[in-house]
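Coordinates from final-v8.txt are shown below (compact mmCIF, C-alpha atoms).
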```txt
# COMPACT_ATOMS: atom_id res chain seq x y z
CA MET A 1 62.69 -72.14 -19.52
CA THR A 2 61.23 -72.78 -22.92
CA ILE A 3 60.12 -70.02 -25.23
CA GLY A 4 56.44 -71.02 -24.93
CA LYS A 5 56.47 -70.85 -21.14
CA LYS A 6 58.15 -67.42 -21.23
CA GLN A 7 55.47 -66.00 -23.53
CA SER A 8 52.73 -67.41 -21.31
CA HIS A 9 54.28 -65.80 -18.23
CA GLN A 10 54.53 -62.45 -20.00
CA LYS A 11 50.85 -62.58 -21.04
CA GLY A 12 49.82 -63.32 -17.44
CA ALA A 13 51.81 -60.37 -16.10
CA ALA A 14 50.27 -58.07 -18.70
CA THR A 15 46.79 -59.24 -17.69
CA VAL A 16 47.47 -58.52 -14.02
CA LEU A 17 48.87 -55.10 -14.90
CA LEU A 18 45.87 -54.30 -17.10
CA ALA A 19 43.47 -55.40 -14.36
CA GLY A 20 45.29 -53.20 -11.89
CA VAL A 21 45.08 -50.21 -14.20
CA LEU A 22 41.37 -50.83 -14.81
CA LEU A 23 40.75 -51.17 -11.06
CA PHE A 24 42.57 -47.90 -10.45
CA LEU A 25 40.57 -46.14 -13.15
CA MET A 26 37.30 -47.52 -11.79
CA THR A 27 38.22 -46.42 -8.28
CA PHE A 28 39.13 -42.94 -9.58
CA VAL A 29 35.85 -42.70 -11.49
CA VAL A 30 33.87 -43.75 -8.41
CA LEU A 31 35.70 -41.28 -6.18
CA PHE A 32 35.35 -38.47 -8.72
CA THR A 33 31.67 -39.21 -9.22
CA GLY A 34 31.14 -39.24 -5.47
CA ARG A 35 32.95 -35.94 -5.02
CA SER A 36 30.93 -34.48 -7.90
CA GLU A 37 27.68 -35.63 -6.32
CA VAL A 38 28.70 -34.12 -2.98
CA ALA A 39 29.61 -30.87 -4.74
CA ASP A 40 26.28 -30.89 -6.56
CA ILE A 41 24.41 -31.43 -3.29
CA LYS A 42 26.32 -28.61 -1.63
CA SER A 43 25.70 -26.38 -4.65
CA THR A 44 21.99 -27.21 -4.60
CA SER A 45 21.83 -26.52 -0.89
CA THR A 46 23.65 -23.20 -1.29
CA ASP A 47 21.42 -22.16 -4.18
CA PHE A 48 18.34 -23.12 -2.20
CA TYR A 49 19.32 -21.13 0.90
CA MET A 50 20.27 -18.20 -1.31
CA ALA A 51 16.83 -18.32 -2.93
CA GLN A 52 15.22 -18.44 0.52
CA ALA A 53 17.20 -15.41 1.67
CA ILE A 54 16.24 -13.44 -1.45
CA ALA A 55 12.58 -14.40 -0.99
CA ALA A 56 12.68 -13.29 2.66
CA ALA A 57 14.30 -9.96 1.75
CA GLN A 58 11.66 -9.40 -0.94
CA ALA A 59 8.91 -10.18 1.58
CA GLY A 60 10.37 -7.57 3.91
CA LEU A 61 10.45 -5.00 1.12
CA GLU A 62 6.82 -5.68 0.20
CA THR A 63 5.79 -5.51 3.86
CA ALA A 64 7.40 -2.09 4.17
CA LEU A 65 5.67 -0.84 1.03
CA ALA A 66 2.32 -2.05 2.38
CA GLN A 67 2.60 -0.04 5.59
CA LYS A 68 0.05 2.68 6.21
CA VAL A 69 2.03 5.86 6.78
CA ASP A 70 0.74 8.72 8.90
CA ARG A 71 2.65 11.71 7.54
CA PRO A 72 1.65 14.17 10.31
CA THR A 73 3.28 11.75 12.75
CA LEU A 74 6.33 10.92 10.67
CA LYS A 75 7.05 14.29 9.10
CA GLY A 76 10.36 15.59 10.40
CA ASN A 77 10.65 12.74 12.90
CA LEU A 78 12.05 9.87 10.86
CA GLY A 79 15.65 10.52 11.92
CA SER A 80 15.56 7.49 14.21
CA ASN A 81 14.43 5.38 11.25
CA MET A 82 11.50 3.02 11.15
CA SER A 83 12.15 -0.70 11.69
CA ILE A 84 10.03 -3.71 10.73
CA SER A 85 10.78 -7.38 11.45
CA GLY A 86 8.96 -10.55 10.54
CA VAL A 87 9.17 -14.24 9.67
CA LEU A 88 8.52 -16.10 6.45
CA ASN A 89 7.60 -19.78 6.12
CA PHE A 90 8.99 -21.86 3.25
CA ASP A 91 7.20 -25.06 2.27
CA ASP A 92 8.32 -27.14 -0.70
CA SER A 93 9.84 -30.52 -1.52
CA ILE A 94 13.38 -29.20 -1.87
CA GLY A 95 13.12 -27.40 1.44
CA SER A 96 11.84 -30.43 3.29
CA ALA A 97 14.62 -32.61 1.84
CA ILE A 98 17.42 -30.23 2.78
CA ASN A 99 15.99 -29.35 6.17
CA SER A 100 16.09 -32.84 7.71
CA GLY A 101 12.63 -33.86 6.61
CA SER A 102 10.85 -30.82 8.06
CA ASN A 103 7.83 -29.80 6.02
CA VAL A 104 8.09 -26.11 6.88
CA ALA A 105 11.30 -24.11 7.11
CA THR A 106 11.27 -20.62 8.58
CA GLY A 107 13.30 -17.62 7.49
CA SER A 108 13.10 -13.98 8.57
CA TYR A 109 13.51 -10.40 7.41
CA ASP A 110 14.62 -7.17 9.02
CA VAL A 111 13.73 -3.87 7.38
CA GLU A 112 14.71 -0.27 7.98
CA ILE A 113 13.06 2.74 6.36
CA VAL A 114 15.67 5.48 6.32
CA ALA A 115 14.86 9.07 5.41
CA ASP A 116 16.79 10.42 2.44
CA GLY A 117 18.33 13.73 3.32
CA GLY A 118 16.07 14.17 6.35
CA ASP A 119 12.88 14.23 4.26
CA ASP A 120 10.65 11.28 5.09
CA ALA A 121 8.75 11.79 1.82
CA LYS A 122 11.77 10.17 0.14
CA VAL A 123 13.20 7.08 1.79
CA TRP A 124 15.50 4.14 1.32
CA ILE A 125 14.02 0.78 2.26
CA GLN A 126 16.72 -1.69 3.30
CA SER A 127 15.54 -5.29 3.73
CA ILE A 128 17.80 -8.12 4.90
CA GLY A 129 16.45 -11.65 4.40
CA THR A 130 17.77 -14.66 6.31
CA ALA A 131 17.30 -18.22 5.06
CA SER A 132 16.09 -21.13 7.20
CA ASP A 133 19.70 -22.15 7.97
CA GLY A 134 20.00 -18.93 9.98
CA LYS A 135 23.24 -18.05 8.20
CA THR A 136 22.63 -17.26 4.55
CA LYS A 137 21.62 -13.60 4.11
CA ARG A 138 20.75 -11.32 1.22
CA GLU A 139 20.03 -7.60 1.26
CA ILE A 140 17.69 -5.67 -1.01
CA LYS A 141 17.69 -1.89 -1.12
CA GLN A 142 14.95 0.16 -2.79
CA PHE A 143 14.34 3.89 -3.13
CA ALA A 144 10.73 4.97 -2.57
CA GLU A 145 8.68 8.12 -2.22
CA PHE A 146 5.61 8.87 -0.13
CA ASN A 147 2.40 8.90 -2.15
CA PRO A 148 -0.47 10.69 -0.36
CA VAL A 149 -4.01 9.36 -0.64
CA VAL A 150 -5.34 12.64 -2.05
CA SER A 151 -3.87 13.33 -5.48
CA ALA A 152 -5.91 16.46 -6.23
CA VAL A 153 -7.39 18.72 -3.58
CA PRO A 154 -10.83 19.97 -4.70
CA SER A 155 -10.64 23.58 -5.85
CA ILE A 156 -14.35 24.14 -5.25
CA HIS A 157 -16.32 23.82 -2.02
CA ALA A 158 -18.77 21.20 -3.27
CA ILE A 159 -18.59 18.97 -6.34
CA ILE A 160 -21.74 16.94 -6.96
CA ARG A 161 -21.68 14.45 -9.79
CA GLY A 162 -25.47 14.09 -9.62
CA SER A 163 -28.16 16.65 -8.85
CA PHE A 164 -28.37 19.20 -6.06
CA SER A 165 -31.40 20.51 -4.20
CA GLY A 166 -31.41 23.02 -1.38
CA THR A 167 -30.24 26.49 -0.45
CA MET A 168 -26.80 25.80 0.99
CA PHE A 169 -25.14 28.11 -1.53
CA GLY A 170 -27.29 31.18 -0.91
CA ASN A 171 -24.14 33.30 -0.96
CA ASP A 172 -20.42 33.09 -1.44
CA LYS A 173 -19.26 31.42 1.78
CA ASP A 174 -15.63 32.54 1.73
CA GLY A 175 -16.15 36.06 0.43
CA SER A 176 -13.83 35.72 -2.57
CA ASN A 177 -16.58 35.57 -5.20
CA ASP A 178 -15.43 32.24 -6.57
CA ILE A 179 -17.54 29.29 -7.67
CA VAL A 180 -18.69 27.40 -4.60
CA GLY A 181 -20.64 24.54 -6.17
CA TRP A 182 -20.53 22.39 -9.29
CA ALA A 183 -23.24 19.86 -10.12
CA GLY A 184 -23.62 17.41 -12.96
CA GLY A 185 -27.42 17.35 -12.79
CA GLY A 186 -29.99 20.07 -13.28
CA THR A 187 -30.45 22.68 -15.97
CA PRO A 188 -27.19 23.75 -17.62
CA GLY A 189 -26.18 27.19 -16.43
CA PHE A 190 -24.76 29.33 -13.66
CA ASP A 191 -26.86 30.48 -10.71
CA GLN A 192 -25.17 33.66 -9.53
CA THR A 193 -27.38 33.88 -6.44
CA LYS A 194 -25.92 30.56 -5.30
CA TRP A 195 -22.53 30.89 -7.04
CA MET A 196 -23.13 27.45 -8.50
CA ILE A 197 -22.69 25.78 -11.88
CA THR A 198 -25.31 23.16 -12.77
CA GLY A 199 -26.05 20.74 -15.59
CA ASP A 200 -22.50 19.60 -16.39
CA SER A 201 -23.37 16.53 -18.47
CA ASP A 202 -19.72 15.56 -18.95
CA MET A 203 -19.31 15.19 -15.21
CA SER A 204 -22.62 13.40 -14.67
CA ASN A 205 -21.75 10.89 -17.39
CA THR A 206 -18.29 10.17 -15.98
CA ASN A 207 -17.79 6.62 -14.71
CA THR A 208 -17.73 6.58 -10.89
CA ASN A 209 -14.34 4.85 -10.75
CA THR A 210 -12.88 7.47 -13.08
CA PHE A 211 -14.55 10.21 -11.03
CA PHE A 212 -12.95 8.78 -7.87
CA SER A 213 -9.52 8.79 -9.53
CA TYR A 214 -9.78 12.56 -10.10
CA TYR A 215 -9.21 13.08 -6.36
CA PHE A 216 -7.40 10.01 -5.08
CA SER A 217 -4.09 8.45 -6.05
CA GLY A 218 -5.32 4.94 -6.73
CA THR A 219 -8.35 2.77 -7.22
CA LYS A 220 -11.05 2.40 -4.59
CA ASN A 221 -9.58 -0.93 -3.54
CA SER A 222 -6.04 0.44 -3.16
CA VAL A 223 -7.22 3.49 -1.20
CA LYS A 224 -9.39 1.29 1.00
CA ALA A 225 -6.36 -0.91 1.72
CA ILE A 226 -4.38 1.95 3.28
CA SER A 227 -7.35 3.54 5.09
CA GLU A 228 -8.81 3.02 8.54
CA ARG A 229 -11.73 0.76 7.66
CA LEU A 230 -15.05 0.95 9.50
CA ASP A 231 -17.77 -1.67 9.07
CA CYS A 232 -20.97 0.22 9.81
CA THR A 233 -23.28 -2.10 7.87
CA SER A 234 -24.88 -3.82 10.85
CA SER A 235 -25.04 -0.77 13.15
CA THR A 236 -24.56 2.95 12.53
CA CYS A 237 -21.11 4.27 13.42
CA SER A 238 -20.63 7.46 15.43
CA LYS A 239 -18.26 10.40 15.89
CA ASN A 240 -16.17 8.29 18.28
CA ASP A 241 -15.26 5.97 15.41
CA VAL A 242 -13.59 8.81 13.48
CA SER A 243 -12.08 10.66 16.44
CA ASN A 244 -8.40 10.25 15.51
CA ASN A 245 -7.07 13.26 13.62
CA GLY A 246 -5.02 13.13 10.44
CA LEU A 247 -6.39 9.82 9.15
CA VAL A 248 -8.28 8.50 6.15
CA TYR A 249 -11.46 6.63 7.08
CA TRP A 250 -13.13 4.22 4.70
CA ILE A 251 -16.70 3.77 5.95
CA ASP A 252 -18.91 0.93 4.71
CA GLY A 253 -22.47 1.62 5.86
CA ASN A 254 -24.07 4.50 7.76
CA ILE A 255 -22.40 6.96 10.11
CA THR A 256 -23.82 9.83 12.19
CA ILE A 257 -21.44 12.51 13.46
CA ASN A 258 -23.23 14.35 16.25
CA GLY A 259 -21.67 17.23 18.20
CA GLY A 260 -18.10 18.54 18.45
CA ASN A 261 -15.29 18.58 15.89
CA VAL A 262 -13.75 15.91 13.70
CA GLY A 263 -10.21 16.56 12.52
CA THR A 264 -8.22 19.76 12.97
CA GLU A 265 -6.66 22.37 10.71
CA ALA A 266 -3.19 20.84 11.14
CA GLU A 267 -4.43 17.25 10.97
CA PRO A 268 -7.60 17.12 8.86
CA VAL A 269 -9.52 13.91 8.21
CA ILE A 270 -10.70 12.31 5.00
CA LEU A 271 -14.08 10.60 5.26
CA ILE A 272 -14.96 8.23 2.42
CA VAL A 273 -18.50 6.91 2.85
CA ASN A 274 -19.17 3.84 0.73
CA ASN A 275 -22.58 2.14 0.33
CA GLY A 276 -24.16 4.12 3.14
CA ASN A 277 -25.35 7.53 4.31
CA LEU A 278 -23.51 10.22 6.22
CA THR A 279 -25.30 12.50 8.69
CA ILE A 280 -23.41 15.46 10.15
CA LYS A 281 -25.40 17.01 12.98
CA ASN A 282 -24.34 20.07 15.02
CA SER A 283 -20.74 19.23 14.19
CA THR A 284 -17.74 20.62 12.33
CA VAL A 285 -15.64 18.40 10.07
CA ASN A 286 -12.18 19.69 9.17
CA GLY A 287 -11.07 18.02 5.97
CA PHE A 288 -12.45 16.30 2.91
CA VAL A 289 -15.77 14.42 2.71
CA TYR A 290 -16.32 12.02 -0.19
CA VAL A 291 -19.63 10.14 -0.50
CA ALA A 292 -19.66 7.26 -3.00
CA GLY A 293 -23.36 7.53 -3.72
CA ASN A 294 -26.24 9.82 -2.76
CA TRP A 295 -25.98 12.00 0.34
CA ASP A 296 -28.99 13.18 2.32
CA ASN A 297 -27.95 15.13 5.43
CA ASN A 298 -31.53 15.16 6.77
CA ASP A 299 -31.59 19.00 6.96
CA GLU A 300 -29.21 19.03 9.93
CA ASN A 301 -27.01 22.01 10.86
CA ALA A 302 -23.34 21.29 10.23
CA THR A 303 -20.09 22.78 8.94
CA ILE A 304 -17.35 21.38 6.73
CA ASN A 305 -14.10 23.33 6.76
CA GLY A 306 -12.70 21.92 3.56
CA ALA A 307 -14.63 20.37 0.70
CA LEU A 308 -17.21 17.74 -0.15
CA VAL A 309 -17.64 15.54 -3.21
CA THR A 310 -20.51 13.17 -3.97
CA GLU A 311 -20.79 10.57 -6.70
CA GLY A 312 -24.59 10.86 -6.59
CA ASN A 313 -27.15 13.44 -5.55
CA LEU A 314 -26.94 15.86 -2.64
CA SER A 315 -30.11 16.70 -0.72
CA GLY A 316 -31.34 17.58 2.76
CA VAL A 317 -28.54 20.08 3.18
CA GLY A 318 -30.51 22.19 5.67
CA GLY A 319 -28.00 24.38 7.49
CA LEU A 320 -24.94 22.62 6.05
CA THR A 321 -22.17 25.13 5.35
CA VAL A 322 -18.97 24.39 3.44
CA ASN A 323 -16.06 26.76 4.04
CA LYS A 324 -13.23 26.06 1.64
CA ASN A 325 -10.89 28.75 2.95
CA ALA A 326 -11.94 28.84 6.60
CA ASN A 327 -8.59 27.33 7.59
CA ASN A 328 -5.71 25.46 5.98
CA ALA A 329 -7.31 22.04 6.28
CA LEU A 330 -7.38 21.52 2.51
CA ALA A 331 -3.78 22.65 2.10
CA ASN A 332 -2.70 20.09 4.68
CA LEU A 333 -4.38 17.21 2.86
CA ALA A 334 -1.17 16.75 0.87
CA ASP A 335 0.50 15.54 4.06
CA MET A 336 -2.22 13.04 4.81
CA ALA A 337 -1.84 9.30 5.21
CA GLY A 338 -0.64 7.35 2.20
CA ALA A 339 1.88 4.74 1.16
CA TYR A 340 5.37 4.51 -0.28
CA ILE A 341 5.80 3.76 -3.98
CA ILE A 342 9.08 2.48 -5.42
CA TYR A 343 11.23 4.22 -7.99
CA PRO A 344 11.77 2.00 -11.06
CA GLY A 345 15.41 1.12 -11.53
CA SER A 346 16.45 1.83 -7.94
CA TRP A 347 16.33 -1.83 -6.85
CA THR A 348 19.72 -3.12 -5.68
CA GLU A 349 20.63 -6.58 -4.41
CA TYR A 350 23.68 -7.39 -2.28
```
Could the structure of this file be written out as structure tokens, please?
Amino acid sequence: MTIGKKQSHQKGAATVLLAGVLLFLMTFVVLFTGRSEVADIKSTSTDFYMAQAIAAAQAGLETALAQKVDRPTLKGNLGSNMSISGVLNFDDSIGSAINSGSNVATGSYDVEIVADGGDDAKVWIQSIGTASDGKTKREIKQFAEFNPVVSAVPSIHAIIRGSFSGTMFGNDKDGSNDIVGWAGGGTPGFDQTKWMITGDSDMSNTNTNTFFSYYFSGTKNSVKAISERLDCTSSTCSKNDVSNNGLVYWIDGNITINGGNVGTEAEPVILIVNNGNLTIKNSTVNGFVYVAGNWDNNDENATINGALVTEGNLSGVGGLTVNKNANNALANLADMAGAYIIYPGSWTEY
């Protein structure tokens, strides 16, 4: 073999070896890239299902917080816990791609409200969310406390933001010589024959929403949301529509309560009349009456064992009697219906 042929053979072998090395490297790069893409897809899928599970758990928590809570029913009886279940639909491009082209994927949540130390006023809300794969789960735990609708029980029989006309307060109804009426309208002063303060310009000039917040723990919209709502705008509602004891009724329109009792001492009612008129006729209401406007009782005979508040004027009282201390109805308002509010900083995710 000549020297030239030997060098040519060596160059050819080196070329083959180099090509083999390059082919190996290319194959390794392709395999590594493929494995990386698979890992990325799996990671994206895992992250997505995890996000779904968290969203479902959060939905369960919010559902629990939105529940109307009847304290007279729950008080002392929450030992068996309170359970809520539901479903949640997910609809987005990532979800449809991962879930075999389906446009809507469905997850779920399971919630338990567990009394803290046997007192249902303080509870732990435990919400477990499940993603649309049916396997991925996340748990959220939140501490909450019951917040009653009534934040301040009226200390006076009747509080009238507007003017008052009539002879309802001809004497001290409960015999304790305290003030039985307070009105924003009229001549400033104190009528000892009626045990009533009149002409409080500060009260009469108070914004109605602010005035409402003096007695209720929330805005009108938030209180309405957790109340039993009655639409009495097209036809007048009756006593039968407010016959369940221990509840808060939000009444849009007119209502006439005729005959019998509404509410009890142990389970009083709260009647909030909005954009309408209330007529109490030959009846006794145990609880708290709030009229968001003027109230004309058409000179009917009636009794309120509790208190009344009006945002406007009060007239046509006739034989209407308000007995603040006739029973413990006002004292029991603190255990009325309400909602749970969360404690900041108590949110835990598992």
So, with only C-alpha atoms as the atoms that count, which of A:Asn297, A:Thr233, A:Thr130, A:Asn286 lies closest to A:Thr256?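 Among the listed residues, A:Asn297 lies closest to A:Thr256.
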Just the number, please: distance in Å from atom CA of A:Gly184 to atom CA of A:Asn323, one decimal.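 Distance reported for this atom pair: 20.8 Å.
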Measuring between all atoms listed in the file, which one of A:Gly318, A:Asn207, A:Asn261, A:His157 shows the shortest distance to A:Val289? A:His157
For A:Tyr215, which of A:Gly181, A:Gly199, A:Gly260, A:Pro148 is the closest residue, counting only C-alpha atoms?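 Checking each of A:Gly181, A:Gly199, A:Gly260, A:Pro148 against A:Tyr215, counting only C-alpha atoms, the winner is A:Pro148.
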Would you mind reading off the distance between atom CA of A:Val248 and atom CA of A:Ile270, one decimal, in Å?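 Between atom CA of A:Val248 and atom CA of A:Ile270 the gap is 4.7 Å.
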What's around A:Phe164 at 8 Å? Count all atoms listed in the file, leave out sequence neighbours fewer than 2 positions away in its own chain, and write the answer as a list of chain:residue names.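 Close residues of A:Phe164: A:Ile160, A:Gly162, A:Gly166, A:Ala183, A:Gly185, A:Gly186, A:Asn313, A:Leu314, A:Ser315.
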Point out the residue among A:Asn221, A:Gln52, A:Thr264, A:Ser155 with the least atom-to-atom distance to A:Thr136, counting only C-alpha atoms.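 Residue with the minimum atom-to-atom distance to A:Thr136: A:Gln52.
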Fewer than 5 positions away in the same chain doesn't count, so skip those; otherwise give me all residues within 6 Å of A:Asn245, counting all atoms listed in the file, as a compact mmCIF listing (two decimals) with C-alpha atoms, in the coordinates of the input.
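That gives us out34.txt:
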```
# COMPACT_ATOMS: atom_id res chain seq x y z
CA GLY A 263 -10.21 16.56 12.52
CA GLU A 267 -4.43 17.25 10.97
CA VAL A 269 -9.52 13.91 8.21
```
Near A:Glu265, within 10 Å and counting all atoms listed in the file, which residues show up once chain neighbours fewer than 3 positions away are dropped, as JSON, numbers by chain? {"A": [245, 246, 268, 269, 285, 286, 287, 305, 306, 326, 327, 328, 329, 330, 331, 332, 333]}
Compare A:Gly259, A:Asn275, A:Arg161, A:Thr46 by their minimum atom-to-atom distance to A:Gly312, counting all atoms listed in the file, and give me the closest one. A:Arg161
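The smallest atom-to-atom distance between A:Val123 and any of A:Ile140, A:Ala59, A:Ile341, A:Thr348, using all atoms listed in the file, is found for A:Ile341.
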